[in-house]
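Participant: Below is a structure I'd like to ask you about.
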Amino acid sequence: MNEQLREVIFSGIVAVRDRLLQLDDPLRLESGEPSFDTPAHIKEAMTKAMIDNHTHYAPSTGIKPLKEAILKKITEKNKIEYINGLDKITVTNGGMHALYCAFRTILNQGDEVIIPQPNWTATAWMIELCGGKLIKVKLRPENEYRWDMSEFESHITPKTKAVLINSPHNPTGGVMTRSDLTELLKIAEKHDLYVISDEAYEDVIYDAEHVSLGAAASGFSQAVKDKIITAFTFSKSYAMTGWRLGYLVCSSKEFTDNIKKIILYTINGVSTPTQYGGIAALEGPQDAVGEMCRIYKQRRDILFEGVNKTDFLRCETPPGGAFYLYARITDKWSDSAWDLVNYLIDNYSMGSVPGDIFYDDEKSIRFSYACETSMIEKAIANLQKPAKTVSI
């Protein structure tokens, strides 16, 4: 067996999910799975593509019509104006595959990658599988889970190769401001770093503005822009998690020439009919995107208010984006975060994820409000009940 894989562990989220799926009517607040179905016009486009026999090999980095739709979208919506050709766009098998390909393309053994703490577990393992070494920099609730840039810069060493950002952020829902991104790019320019921007939750945004990293780069040199790698996915915006469709954009010819090799020797191209569904998502009606976000915001508000009525959980500010609420566990709960997660499963059939999973070194817990609103309401009612290990 591969020696490196011996060190890799399965996500604790999977362990929670496996326990919940053995229960009747579990409350699925552990999962980042949208409760909505893919909009009908997207499914119809994929069906039509199959009927029209678009079922053969496609170019490994994506079909031209989808790349054209992506270029229009990132230029007009994301305001990334320096991507000047379809060859700078790579279609991937979902957002996770996009991130893996990016890290596999730029990292050599021992290169350091700065990531947020807490951070989505899968990304960290991808970095390590690609030979990178994790350097964690804390996101603090008093700063709305955004980096203090001076603290961030203090972690840069001669071995630092890249920085990962994820805004809106999983698991905290924090959103980086334009000022944050500009300051980050100044630091990246000073130290000659790649910046990989995971923008999976770009459309799940509430009381904040989503600014793409590429849009914040307008005043920077082409050398800085060439080291910005942005990963997008259809999964969250269009409730297309099972479609496995994402894409990367980067203006560097060296990067795009090399990532073609990773694509060729991992997937040799995304399912052709799926790509036609992606065209319909980008070019068709966007009403469903806004409606999903409106409902997520309602769920967020219900969960935020209910969590803060408990004695043992606190969330300082409502998350600005994504569909997760990240709460600190107070000293009223005497045991570990994992104990709380198991307590909620055992007593209320209720899912959640401990902060340990996200490399957090403080007692915390993540709830997802991507599930049905009725589950959120039941969960809140359960959280108001006294917990047996709360210290009074």
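Ordered as shown in the structure tokens, chains take letters A, B, and onward, while each chain numbers its residues from 1 and ligands are numbered from 1 in the order shown.
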DSSP on the backbone, alpha helix (DSSP H) only: what residues of stretch 50-93 of chain A does that give? Format it as a list in words.

Facilitator: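 DSSP-assigned alpha helix (DSSP H) residues in stretch 50-93 of chain A: Met50, Ile51, Lys64, Pro65, Leu66, Lys67, Glu68, Ala69, Ile70, Leu71, Lys72, Lys73, Ile74, Thr75 and Glu76 of chain A.
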
Participant: Near A:Glu283, within 12 Å and counting only C-alpha atoms, which residues show up once chain neighbours fewer than 2 positions away are dropped, as a PDB file with N, CA and C atoms, in the first residue's frame?

Facilitator:
```
ATOM      1  N   HIS A  41     -34.615  23.265 -15.587  1.00  0.00           N
ATOM      2  CA  HIS A  41     -34.044  23.564 -16.909  1.00  0.00           C
ATOM      3  C   HIS A  41     -32.634  22.998 -17.060  1.00  0.00           C
ATOM      4  N   ILE A  42     -31.943  22.798 -15.937  1.00  0.00           N
ATOM      5  CA  ILE A  42     -30.606  22.204 -15.990  1.00  0.00           C
ATOM      6  C   ILE A  42     -30.713  20.710 -16.287  1.00  0.00           C
ATOM      7  N   ALA A  45     -31.642  20.183 -19.894  1.00  0.00           N
ATOM      8  CA  ALA A  45     -30.518  20.392 -20.818  1.00  0.00           C
ATOM      9  C   ALA A  45     -29.638  19.149 -20.888  1.00  0.00           C
ATOM     10  N   PRO A  65     -18.466  25.288 -25.655  1.00  0.00           N
ATOM     11  CA  PRO A  65     -19.621  26.092 -25.230  1.00  0.00           C
ATOM     12  C   PRO A  65     -19.662  26.340 -23.717  1.00  0.00           C
ATOM     13  N   LEU A  66     -19.246  25.340 -22.922  1.00  0.00           N
ATOM     14  CA  LEU A  66     -19.236  25.537 -21.470  1.00  0.00           C
ATOM     15  C   LEU A  66     -18.136  26.525 -21.084  1.00  0.00           C
ATOM     16  N   LYS A  67     -16.976  26.398 -21.691  1.00  0.00           N
ATOM     17  CA  LYS A  67     -15.898  27.333 -21.382  1.00  0.00           C
ATOM     18  C   LYS A  67     -16.292  28.766 -21.758  1.00  0.00           C
ATOM     19  N   GLU A  68     -17.001  28.913 -22.853  1.00  0.00           N
ATOM     20  CA  GLU A  68     -17.464  30.249 -23.253  1.00  0.00           C
ATOM     21  C   GLU A  68     -18.438  30.813 -22.226  1.00  0.00           C
ATOM     22  N   ALA A  69     -19.332  29.967 -21.716  1.00  0.00           N
ATOM     23  CA  ALA A  69     -20.281  30.411 -20.684  1.00  0.00           C
ATOM     24  C   ALA A  69     -19.544  30.771 -19.400  1.00  0.00           C
ATOM     25  N   ILE A  70     -18.528  29.990 -19.053  1.00  0.00           N
ATOM     26  CA  ILE A  70     -17.736  30.273 -17.850  1.00  0.00           C
ATOM     27  C   ILE A  70     -16.986  31.589 -18.003  1.00  0.00           C
ATOM     28  N   LEU A  71     -16.371  31.810 -19.166  1.00  0.00           N
ATOM     29  CA  LEU A  71     -15.627  33.058 -19.387  1.00  0.00           C
ATOM     30  C   LEU A  71     -16.538  34.265 -19.258  1.00  0.00           C
ATOM     31  N   LYS A  72     -17.720  34.181 -19.810  1.00  0.00           N
ATOM     32  CA  LYS A  72     -18.684  35.280 -19.703  1.00  0.00           C
ATOM     33  C   LYS A  72     -19.065  35.502 -18.245  1.00  0.00           C
ATOM     34  N   LYS A  73     -19.290  34.416 -17.523  1.00  0.00           N
ATOM     35  CA  LYS A  73     -19.706  34.514 -16.118  1.00  0.00           C
ATOM     36  C   LYS A  73     -18.614  35.120 -15.252  1.00  0.00           C
ATOM     37  N   TYR A 276     -23.197  19.955 -20.554  1.00  0.00           N
ATOM     38  CA  TYR A 276     -24.321  20.674 -21.155  1.00  0.00           C
ATOM     39  C   TYR A 276     -25.288  21.168 -20.075  1.00  0.00           C
ATOM     40  N   GLY A 277     -25.418  20.398 -19.001  1.00  0.00           N
ATOM     41  CA  GLY A 277     -26.194  20.889 -17.863  1.00  0.00           C
ATOM     42  C   GLY A 277     -25.558  22.127 -17.264  1.00  0.00           C
ATOM     43  N   GLY A 278     -24.220  22.154 -17.208  1.00  0.00           N
ATOM     44  CA  GLY A 278     -23.511  23.327 -16.707  1.00  0.00           C
ATOM     45  C   GLY A 278     -23.754  24.571 -17.537  1.00  0.00           C
ATOM     46  N   ILE A 279     -23.842  24.406 -18.861  1.00  0.00           N
ATOM     47  CA  ILE A 279     -24.145  25.542 -19.737  1.00  0.00           C
ATOM     48  C   ILE A 279     -25.511  26.116 -19.380  1.00  0.00           C
ATOM     49  N   ALA A 280     -26.489  25.237 -19.214  1.00  0.00           N
ATOM     50  CA  ALA A 280     -27.846  25.695 -18.873  1.00  0.00           C
ATOM     51  C   ALA A 280     -27.867  26.400 -17.523  1.00  0.00           C
ATOM     52  N   ALA A 281     -27.060  25.904 -16.574  1.00  0.00           N
ATOM     53  CA  ALA A 281     -27.010  26.551 -15.256  1.00  0.00           C
ATOM     54  C   ALA A 281     -26.526  27.982 -15.373  1.00  0.00           C
ATOM     55  N   PRO A 285     -32.169  30.800 -16.388  1.00  0.00           N
ATOM     56  CA  PRO A 285     -32.710  31.641 -15.312  1.00  0.00           C
ATOM     57  C   PRO A 285     -31.927  31.452 -14.016  1.00  0.00           C
ATOM     58  N   GLN A 286     -31.714  32.548 -13.310  1.00  0.00           N
ATOM     59  CA  GLN A 286     -30.967  32.505 -12.050  1.00  0.00           C
ATOM     60  C   GLN A 286     -31.881  32.660 -10.827  1.00  0.00           C
ATOM     61  N   ASP A 287     -33.187  32.623 -11.058  1.00  0.00           N
ATOM     62  CA  ASP A 287     -34.148  32.833  -9.966  1.00  0.00           C
ATOM     63  C   ASP A 287     -33.944  31.852  -8.821  1.00  0.00           C
TER      64      ASP A 287
END
```

Participant: As a list in words, which residues of stretch 48-196 of chain A does DSSP assign to strand (DSSP E or B)?

Facilitator: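 Assigned to strand (DSSP E or B), within stretch 48-196 of chain A: Ile89, Thr90, Val91, Thr92, Glu112, Val113, Ile114, Ile115, Pro116, Gln117, Lys133, Leu134, Ile135, Lys136, Val137, Lys138, Arg140, Arg146, Thr160, Lys161, Ala162, Val163, Leu164, Ile165, Asn166, Tyr194, Val195 and Ile196 of chain A.
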
Participant: Name all residues at most 12 Å from A:Glu153 (count only C-alpha atoms; drop same-chain ones fewer than 6 positions away) and give them as a list of chain:residue names.

Facilitator: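 Answer for this query is A:Ile114, A:Ile135, A:Lys136, A:Val137, A:Trp147, A:Thr160, A:Val163, A:Glu183, A:Leu184, A:Leu185, A:Lys186, A:Ile187, A:Ala188, A:Glu189, A:Lys190, A:His191, A:Leu193.
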
Participant: Can you write just those residues out, N, CA, C and O atoms, as a JSON list (two decimals), in the first residue's frame?

Facilitator:
```
[["chain", "number", "residue", "atom", "x", "y", "z"],
["A", 114, "ILE", "N", -0.22, 27.80, 3.63],
["A", 114, "ILE", "CA", -0.95, 28.42, 4.74],
["A", 114, "ILE", "C", -2.44, 28.23, 4.51],
["A", 114, "ILE", "O", -2.95, 28.53, 3.42],
["A", 135, "ILE", "N", 0.36, 24.83, 7.27],
["A", 135, "ILE", "CA", 0.64, 25.87, 8.25],
["A", 135, "ILE", "C", -0.69, 26.56, 8.55],
["A", 135, "ILE", "O", -1.29, 27.17, 7.67],
["A", 136, "LYS", "N", -1.16, 26.42, 9.77],
["A", 136, "LYS", "CA", -2.49, 26.89, 10.13],
["A", 136, "LYS", "C", -2.42, 28.27, 10.79],
["A", 136, "LYS", "O", -1.62, 28.49, 11.70],
["A", 137, "VAL", "N", -3.28, 29.18, 10.34],
["A", 137, "VAL", "CA", -3.37, 30.53, 10.92],
["A", 137, "VAL", "C", -4.81, 30.75, 11.37],
["A", 137, "VAL", "O", -5.76, 30.61, 10.58],
["A", 147, "TRP", "N", -8.85, 36.75, 8.73],
["A", 147, "TRP", "CA", -7.48, 36.80, 9.19],
["A", 147, "TRP", "C", -7.06, 38.19, 9.65],
["A", 147, "TRP", "O", -7.42, 39.19, 9.02],
["A", 160, "THR", "N", 7.36, 28.65, 2.28],
["A", 160, "THR", "CA", 5.95, 28.87, 1.96],
["A", 160, "THR", "C", 5.78, 29.01, 0.45],
["A", 160, "THR", "O", 6.42, 29.84, -0.19],
["A", 163, "VAL", "N", -0.97, 29.99, -0.45],
["A", 163, "VAL", "CA", -1.96, 30.31, 0.56],
["A", 163, "VAL", "C", -3.31, 29.84, 0.05],
["A", 163, "VAL", "O", -3.64, 30.03, -1.13],
["A", 183, "GLU", "N", -5.05, 43.35, 0.77],
["A", 183, "GLU", "CA", -3.90, 43.24, 1.66],
["A", 183, "GLU", "C", -3.22, 41.89, 1.51],
["A", 183, "GLU", "O", -1.98, 41.78, 1.52],
["A", 184, "LEU", "N", -4.02, 40.84, 1.34],
["A", 184, "LEU", "CA", -3.47, 39.51, 1.13],
["A", 184, "LEU", "C", -2.62, 39.46, -0.14],
["A", 184, "LEU", "O", -1.52, 38.88, -0.16],
["A", 185, "LEU", "N", -3.11, 40.07, -1.20],
["A", 185, "LEU", "CA", -2.36, 40.07, -2.46],
["A", 185, "LEU", "C", -1.06, 40.87, -2.36],
["A", 185, "LEU", "O", -0.05, 40.50, -2.98],
["A", 186, "LYS", "N", -1.07, 41.92, -1.58],
["A", 186, "LYS", "CA", 0.17, 42.68, -1.35],
["A", 186, "LYS", "C", 1.22, 41.80, -0.67],
["A", 186, "LYS", "O", 2.40, 41.82, -1.03],
["A", 187, "ILE", "N", 0.76, 41.04, 0.31],
["A", 187, "ILE", "CA", 1.68, 40.13, 1.03],
["A", 187, "ILE", "C", 2.14, 39.02, 0.09],
["A", 187, "ILE", "O", 3.32, 38.64, 0.08],
["A", 188, "ALA", "N", 1.22, 38.48, -0.71],
["A", 188, "ALA", "CA", 1.58, 37.43, -1.65],
["A", 188, "ALA", "C", 2.59, 37.94, -2.68],
["A", 188, "ALA", "O", 3.54, 37.22, -3.04],
["A", 189, "GLU", "N", 2.41, 39.16, -3.12],
["A", 189, "GLU", "CA", 3.36, 39.76, -4.07],
["A", 189, "GLU", "C", 4.74, 39.91, -3.43],
["A", 189, "GLU", "O", 5.77, 39.58, -4.04],
["A", 190, "LYS", "N", 4.76, 40.38, -2.20],
["A", 190, "LYS", "CA", 6.02, 40.58, -1.48],
["A", 190, "LYS", "C", 6.80, 39.28, -1.32],
["A", 190, "LYS", "O", 8.03, 39.25, -1.43],
["A", 191, "HIS", "N", 6.09, 38.18, -1.09],
["A", 191, "HIS", "CA", 6.74, 36.89, -0.80],
["A", 191, "HIS", "C", 6.67, 35.92, -1.99],
["A", 191, "HIS", "O", 7.09, 34.77, -1.84],
["A", 193, "LEU", "N", 4.06, 34.36, -3.62],
["A", 193, "LEU", "CA", 3.25, 33.20, -3.26],
["A", 193, "LEU", "C", 2.11, 32.99, -4.26],
["A", 193, "LEU", "O", 1.56, 33.94, -4.81]]
```

Participant: Could you work out how far atom CA of A:Gly214 lies from atom CA of A:Thr75, giving the answer in Å with one decimal?

Facilitator: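 A separation of 9.8 Å between them.
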
Participant: Hey, which bits of stretch 6-66 of chain A sit within 12 Å of stretch 76-87 of chain A, and for each residue what's the closest pair of atoms and how far apart in Å (one decimal), counting only C-alpha atoms, rows by chain and increasing number, as JSON lines?

Facilitator:
```
{"residue": "A:Pro59", "atom": "CA", "partner": "A:Asp87", "partner_atom": "CA", "distance": 11.5}
{"residue": "A:Ser60", "atom": "CA", "partner": "A:Asp87", "partner_atom": "CA", "distance": 11.6}
{"residue": "A:Thr61", "atom": "CA", "partner": "A:Asp87", "partner_atom": "CA", "distance": 8.5}
{"residue": "A:Gly62", "atom": "CA", "partner": "A:Leu86", "partner_atom": "CA", "distance": 9.5}
{"residue": "A:Ile63", "atom": "CA", "partner": "A:Leu86", "partner_atom": "CA", "distance": 9.9}
{"residue": "A:Lys64", "atom": "CA", "partner": "A:Leu86", "partner_atom": "CA", "distance": 7.7}
{"residue": "A:Pro65", "atom": "CA", "partner": "A:Leu86", "partner_atom": "CA", "distance": 9.9}
{"residue": "A:Leu66", "atom": "CA", "partner": "A:Leu86", "partner_atom": "CA", "distance": 9.7}
```

Participant: Residues at most 12 Å from A:Glu305, counting only C-alpha atoms, excluding those fewer than 3 positions away in the same chain, as JSON, numbers by chain?

Facilitator: {"A": [298, 299, 300, 301, 302, 308, 309, 310, 313, 314, 315, 316, 317, 318, 325, 327, 376, 377, 380, 381, 383, 384]}

Participant: So that I have them on file, write out the residues from the current selection with N, CA, C and O atoms, as a JSON list (two decimals), in the first residue's frame.

Facilitator:
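File written: selection_39.json
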```
[["chain", "number", "residue", "atom", "x", "y", "z"],
["A", 298, "GLN", "N", -33.19, 32.66, 6.08],
["A", 298, "GLN", "CA", -34.23, 32.42, 7.09],
["A", 298, "GLN", "C", -33.79, 31.33, 8.06],
["A", 298, "GLN", "O", -33.95, 31.46, 9.28],
["A", 299, "ARG", "N", -33.25, 30.26, 7.52],
["A", 299, "ARG", "CA", -32.79, 29.15, 8.37],
["A", 299, "ARG", "C", -31.63, 29.60, 9.26],
["A", 299, "ARG", "O", -31.57, 29.23, 10.44],
["A", 300, "ARG", "N", -30.73, 30.38, 8.70],
["A", 300, "ARG", "CA", -29.61, 30.90, 9.49],
["A", 300, "ARG", "C", -30.12, 31.68, 10.69],
["A", 300, "ARG", "O", -29.63, 31.50, 11.82],
["A", 301, "ASP", "N", -31.08, 32.55, 10.46],
["A", 301, "ASP", "CA", -31.58, 33.41, 11.54],
["A", 301, "ASP", "C", -32.25, 32.59, 12.63],
["A", 301, "ASP", "O", -32.09, 32.87, 13.83],
["A", 302, "ILE", "N", -33.02, 31.57, 12.23],
["A", 302, "ILE", "CA", -33.67, 30.70, 13.22],
["A", 302, "ILE", "C", -32.63, 29.98, 14.06],
["A", 302, "ILE", "O", -32.71, 29.92, 15.29],
["A", 308, "ASN", "N", -28.04, 30.70, 20.50],
["A", 308, "ASN", "CA", -27.64, 31.67, 21.51],
["A", 308, "ASN", "C", -28.59, 31.73, 22.71],
["A", 308, "ASN", "O", -28.31, 32.42, 23.69],
["A", 309, "LYS", "N", -29.67, 30.97, 22.66],
["A", 309, "LYS", "CA", -30.55, 30.86, 23.82],
["A", 309, "LYS", "C", -30.13, 29.73, 24.74],
["A", 309, "LYS", "O", -30.66, 29.58, 25.83],
["A", 310, "THR", "N", -29.19, 28.92, 24.28],
["A", 310, "THR", "CA", -28.71, 27.83, 25.13],
["A", 310, "THR", "C", -27.69, 28.35, 26.13],
["A", 310, "THR", "O", -27.13, 29.43, 25.96],
["A", 313, "LEU", "N", -23.77, 27.04, 24.30],
["A", 313, "LEU", "CA", -23.27, 27.39, 22.98],
["A", 313, "LEU", "C", -23.36, 28.90, 22.76],
["A", 313, "LEU", "O", -24.33, 29.53, 23.20],
["A", 314, "ARG", "N", -22.37, 29.47, 22.07],
["A", 314, "ARG", "CA", -22.39, 30.89, 21.74],
["A", 314, "ARG", "C", -21.85, 31.09, 20.33],
["A", 314, "ARG", "O", -20.83, 30.54, 19.94],
["A", 315, "CYS", "N", -22.57, 31.93, 19.59],
["A", 315, "CYS", "CA", -22.13, 32.36, 18.26],
["A", 315, "CYS", "C", -22.18, 33.88, 18.25],
["A", 315, "CYS", "O", -23.26, 34.47, 18.44],
["A", 316, "GLU", "N", -21.03, 34.53, 18.07],
["A", 316, "GLU", "CA", -20.94, 35.98, 18.26],
["A", 316, "GLU", "C", -21.73, 36.76, 17.23],
["A", 316, "GLU", "O", -22.45, 37.70, 17.56],
["A", 317, "THR", "N", -21.58, 36.43, 15.96],
["A", 317, "THR", "CA", -22.28, 37.16, 14.89],
["A", 317, "THR", "C", -22.85, 36.15, 13.89],
["A", 317, "THR", "O", -22.27, 35.08, 13.69],
["A", 318, "PRO", "N", -23.95, 36.49, 13.23],
["A", 318, "PRO", "CA", -24.49, 35.58, 12.22],
["A", 318, "PRO", "C", -23.49, 35.41, 11.08],
["A", 318, "PRO", "O", -22.83, 36.38, 10.69],
["A", 325, "LEU", "N", -23.31, 27.28, 10.73],
["A", 325, "LEU", "CA", -23.20, 28.11, 11.92],
["A", 325, "LEU", "C", -22.17, 27.46, 12.83],
["A", 325, "LEU", "O", -22.30, 26.29, 13.20],
["A", 327, "ALA", "N", -20.34, 27.48, 16.32],
["A", 327, "ALA", "CA", -20.57, 27.97, 17.68],
["A", 327, "ALA", "C", -19.47, 27.51, 18.62],
["A", 327, "ALA", "O", -18.98, 26.38, 18.53],
["A", 376, "ILE", "N", -34.40, 22.32, 11.12],
["A", 376, "ILE", "CA", -33.81, 23.41, 11.92],
["A", 376, "ILE", "C", -34.70, 23.72, 13.12],
["A", 376, "ILE", "O", -34.23, 23.85, 14.26],
["A", 377, "GLU", "N", -35.98, 23.81, 12.88],
["A", 377, "GLU", "CA", -36.92, 24.15, 13.96],
["A", 377, "GLU", "C", -36.95, 23.06, 15.03],
["A", 377, "GLU", "O", -36.97, 23.36, 16.23],
["A", 380, "ILE", "N", -33.69, 23.27, 17.09],
["A", 380, "ILE", "CA", -33.70, 24.38, 18.06],
["A", 380, "ILE", "C", -34.52, 24.01, 19.28],
["A", 380, "ILE", "O", -34.13, 24.29, 20.42],
["A", 381, "ALA", "N", -35.66, 23.38, 19.07],
["A", 381, "ALA", "CA", -36.48, 22.95, 20.21],
["A", 381, "ALA", "C", -35.69, 21.98, 21.09],
["A", 381, "ALA", "O", -35.75, 22.06, 22.32],
["A", 383, "LEU", "N", -32.38, 21.82, 21.40],
["A", 383, "LEU", "CA", -31.26, 22.50, 22.06],
["A", 383, "LEU", "C", -31.69, 23.26, 23.31],
["A", 383, "LEU", "O", -30.87, 23.55, 24.18],
["A", 384, "GLN", "N", -32.96, 23.58, 23.40],
["A", 384, "GLN", "CA", -33.44, 24.30, 24.59],
["A", 384, "GLN", "C", -33.62, 23.37, 25.79],
["A", 384, "GLN", "O", -33.76, 23.84, 26.93]]
```

Participant: Residues within 12 Å of A:Met292, please, as a count of residues only. Count only C-alpha atoms; anything in the same chain fewer than 4 positions from it doesn't count.

Facilitator: 28

Participant: Quick one: everything within 6 Å of stretch 18-27 of chain A, counting only C-alpha atoms, minus sequence neighbours fewer than 6 positions away in the same chain. Send it as a ChimeraX atom specification.

Facilitator: /A:349-351,375

Participant: Limited to N, CA, C and O atoms, could you put the picked residues into a file as an mmCIF file, in the first residue's frame?

Facilitator:
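selection.cif, written as the output of this step:
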```cif
data_model
loop_
_atom_site.group_PDB
_atom_site.id
_atom_site.type_symbol
_atom_site.label_atom_id
_atom_site.label_comp_id
_atom_site.auth_asym_id
_atom_site.auth_seq_id
_atom_site.Cartn_x
_atom_site.Cartn_y
_atom_site.Cartn_z
ATOM 1 N N SER A 349 -31.329 12.508 17.981
ATOM 2 C CA SER A 349 -31.106 12.104 16.582
ATOM 3 C C SER A 349 -30.660 13.291 15.737
ATOM 4 O O SER A 349 -31.056 13.447 14.583
ATOM 5 N N MET A 350 -29.820 14.114 16.318
ATOM 6 C CA MET A 350 -29.447 15.394 15.721
ATOM 7 C C MET A 350 -27.970 15.402 15.336
ATOM 8 O O MET A 350 -27.096 15.092 16.140
ATOM 9 N N GLY A 351 -27.690 15.754 14.077
ATOM 10 C CA GLY A 351 -26.330 15.772 13.581
ATOM 11 C C GLY A 351 -25.634 17.111 13.785
ATOM 12 O O GLY A 351 -26.255 18.162 13.766
ATOM 13 N N MET A 375 -36.328 20.694 9.980
ATOM 14 C CA MET A 375 -35.262 20.086 10.782
ATOM 15 C C MET A 375 -34.595 21.126 11.671
ATOM 16 O O MET A 375 -34.265 20.843 12.835
#
```

Participant: Need the shell around A:Cys101: protein/DNA/RNA residues with any atom at most 7 Å away, counting only C-alpha atoms. Skip same-chain ones fewer than 3 positions apart. Format as number ranges by chain?

Facilitator: A: 97-98, 104-105, 259, 262
